[in-house]
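Reviewing the structure listed below.
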Amino acid sequence: MRNVFRSSRASLAVAVLSAALATGCATTSNPDDPLEGYNRAMFSFNEQLDKVAIKPAAQVYEAVLPSPVRTGVGNVLGNLGDPWIALNNLLQGKVAEGMSDLMRFALNSTWGLLGLLDIASAAGLPKHDEDLGQTLGRWGVGEGAYIVLPFFGPRTVRDAVALPADMMGNEPFSIDHVPTRNTVLGTRVVHGRSVLLGADRTLKEAALDRYAFVRDFYLEQRRYKVGDGRKERVYEDFDEQSTAPLGGEVDAAAATAVENLELAGIGAPPATTGRRVTRQTIQ
Amino acid sequence: MNKILDFLRVFLLCALFGAALPAAASADKAPDVLVRDVTNEVLEIVRADKAIQAGDTHRVIELVDAKVLPHFDFRRMTMLAVGRDWRQASAEQQTRLTDAFRTLLVRTYSNALTQYRDQRIEFRPSRFAPADTRVQIRTEVVQSGAQPIGIDYMLEKGEQGWKVFDVIVAGVSLVTNYRSSFGQEIARGGIDGLIRSLEERNRSLAEQQSMSQNGAGRGA
């Protein structure tokens with residue numbers, strides 16, 4: 001049995017890899033996504049998995065349980081995650097936020113009936129979203145390449161490394177009872193998917209290339225979260241009115257002139273002259 | 001006889017002013033007030049309209065066309081989505097790109113509006129000076145047991161008043177999120193290739209929607 005499992009996993013890996021090699025050459029290179037070939041293959045594997053197993057389970061879950069019950073389930077799961085969020089806020093030096101998360105946990109676990117009710121939000125303690133990946137990012141750890149994990153989906157290498165700790169941290173008391181642990185985990189997956197049931201249609205319709213859409217969304221959102229949204233957005237102006245008429249041609253002419261100068265200037269001192277001319281010509 | 005002419009003149013003036021008044025009013029509104037009023041008005045209609053809640057695409061697109069679109073600058077949005085290659089596009093290509101992108105955005109996000117139920121929208125205080133010509137208006141969708149989802153609107157003041165040129169959901173610009181896939185299309189088939197695939201997508205979406213509409217009609 002174990003051998004069968006192992007060999008089927010091996011053949012899956014081979015299939016994914018060969019698909020990766022087949023698509024790898026066709027895609028244009030994106031600096032954030034050097035693993036694009038493999039990622040695309042894993043992305044469609046995850047989509048298939050979602051289609052045959054996770055989405056149907058989420059649909060059943062949504063059909064069977066009335067909305068207030070599902071809200072309660074979400075509240076309980078959210079509450080279990082709050083101590084880990086608190087710890088990550090504290091690790092990032094955000095003491096006020098971290099204390100607020102701990103108060104949330106205390107309030108919701110007691111008066112909120114073991115987290116069933118999110119009374120803390122109503123009391124002015126909003127829920128935060130923090131994890132170890134964000135903490136590492138805050139500490140200056142680079143995000144690394146974009147990578148699509150089996151089952152878990154989009155990550156950066158940094159967030160993938162933090163993932164095991166994040167998973168354990170989401171359950172504050174390590175649950176030794178295996179069936180209970182698996183139930184919590186399964187509920188987390190199914191509930192999490194049910195929340196997105198409406199959104200996947202929008203994604204399907206809005207994206208020209210679903211893979212690229214999800215990737216760019218994920219990366220931009222992670223960067224936003226790591227910086228807590230403080231970075232100001234820059235909007236460039238690509239309208240032709242903004243550049244002088246013939247601007248492009250003049251620029252091109254200047255560039256070739258400079259290139260010629262630089263070519264002529266190779267080996268001839270002083271070497272900086274060429275560069276200075278560059279700037280003047282373009283200005 | 002003179003009286004009748006006078007009456008006609010007055011009547012004409014009234015008609016002209018009457019038509020011009022709402023436009024003038026919205027041009028004068030402060031951007032945060034504008035966003036709040038439009039959001040509240042649209043959500044009130046969606047909440048009351050059973051057909052929209054049941055997913056009636058035509059109905060919701062009509063609503064968005066009438067209430068939301070006048071406040072958006074789609075040319076600017078398309079330019080931001082296309083990026084540097086926008087400069088290569090001819091005026092005609094730019095118009096076709098803008099039309100196709102507008103159709104895509106309206107179709108997909110109108111559909112998202114049919115998913116709206118009773119979520120509470122909060123308007124966060126936004127700080128700006130009276131002389132500012134570009135502001136970010138922050139709103140939040142509040143949900144129980146989860147972090148609120150931010151929806152921010154970037155507006156710029158032009159000759160026709162304040163216009164939205166970007167929408168940022170949970171920290172992600174819905175406009176610039178298109179840039180790399182647009183870039184892919186342009187690298188593959190030029191500007192015309194991008195126009196073609198946008199128009200193709202719109203056509204197939206329209207077909208799907210009319211098919212599901214018929215299906216729903218038969219089922220009901």
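Residues in the structure tokens are numbered from 1 in each chain, the chains being A, B, ... in the order shown, and ligands are numbered from 1 in the order shown.
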
Q: Show me which bits of chain A are within 6 Å of chain B, counting only C-alpha atoms, as number ranges by chain.
A: A: 75, 78, 118, 127-128, 202, 205-206, 220-221, 224, 240

Q: Would you please extract all alpha helix (DSSP H) residues from stretch 147-239 of chain A, as assigned by DSSP on the backbone, and give them as a ChimeraX atom specification?
A: /A:157-169,178-195,199-206,210-226

Could those selected residues go to a file with C-alpha atoms, as a CSV table (one decimal), in the first residue's frame?
chain,number,residue,atom,x,y,z
A,157,VAL,CA,9.5,31.3,-0.7
A,158,ARG,CA,9.6,33.3,2.5
A,159,ASP,CA,6.0,32.6,3.3
A,160,ALA,CA,6.3,29.0,2.3
A,161,VAL,CA,9.2,28.6,4.8
A,162,ALA,CA,7.0,30.2,7.5
A,163,LEU,CA,4.0,28.1,6.7
A,164,PRO,CA,4.6,25.1,9.1
A,165,ALA,CA,5.0,27.5,12.0
A,166,ASP,CA,1.9,29.5,10.9
A,167,MET,CA,-0.1,26.3,10.8
A,168,MET,CA,0.9,25.2,14.2
A,169,GLY,CA,0.4,28.7,15.6
A,178,VAL,CA,-5.7,13.4,16.3
A,179,PRO,CA,-9.4,13.2,15.2
A,180,THR,CA,-10.1,16.5,16.8
A,181,ARG,CA,-7.1,18.1,15.1
A,182,ASN,CA,-8.1,16.8,11.8
A,183,THR,CA,-11.7,18.0,12.2
A,184,VAL,CA,-10.4,21.5,13.0
A,185,LEU,CA,-8.1,21.4,10.0
A,186,GLY,CA,-10.8,20.1,7.7
A,187,THR,CA,-13.3,22.7,8.9
A,188,ARG,CA,-10.8,25.4,8.4
A,189,VAL,CA,-10.3,24.3,4.7
A,190,VAL,CA,-14.0,23.9,4.0
A,191,HIS,CA,-15.1,27.0,5.7
A,192,GLY,CA,-12.3,29.1,4.2
A,193,ARG,CA,-13.3,27.9,0.7
A,194,SER,CA,-17.0,28.5,1.3
A,195,VAL,CA,-16.3,32.2,2.0
A,199,ALA,CA,-15.5,35.3,-5.6
A,200,ASP,CA,-14.3,32.5,-7.9
A,201,ARG,CA,-16.9,33.4,-10.5
A,202,THR,CA,-15.7,37.0,-10.6
A,203,LEU,CA,-12.1,35.7,-10.9
A,204,LYS,CA,-13.0,33.5,-13.8
A,205,GLU,CA,-14.8,36.3,-15.6
A,206,ALA,CA,-12.4,39.1,-14.9
A,210,ARG,CA,-6.2,33.4,-14.3
A,211,TYR,CA,-2.8,32.2,-13.3
A,212,ALA,CA,-1.2,35.7,-13.8
A,213,PHE,CA,-4.2,37.4,-12.2
A,214,VAL,CA,-3.9,35.3,-9.1
A,215,ARG,CA,-0.1,35.7,-8.9
A,216,ASP,CA,-0.1,39.4,-9.3
A,217,PHE,CA,-3.0,39.8,-6.8
A,218,TYR,CA,-1.2,37.6,-4.2
A,219,LEU,CA,2.1,39.4,-4.6
A,220,GLU,CA,0.7,42.9,-4.4
A,221,GLN,CA,-1.5,41.9,-1.4
A,222,ARG,CA,1.4,40.4,0.5
A,223,ARG,CA,3.6,43.4,-0.1
A,224,TYR,CA,0.7,45.6,1.1
A,225,LYS,CA,0.3,43.6,4.2
A,226,VAL,CA,3.9,43.5,5.1

Q | Point-to-point distance from atom CA of B:Asp99 to atom CA of B:Ile186, Å rounded to tenths | A | 17.1 Å

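Compared by their closest atoms to B:Leu34, and using only C-alpha atoms, the residues B:Arg127, B:His71, B:Arg117, B:Lys50 rank with B:His71 nearest.
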
Q.
Applying 7 Å and only C-alpha atoms, which residues near B:Leu97 remain after dropping the ones on its own chain fewer than 4 positions away? List them as number ranges by chain.
A. B: 93, 101, 195
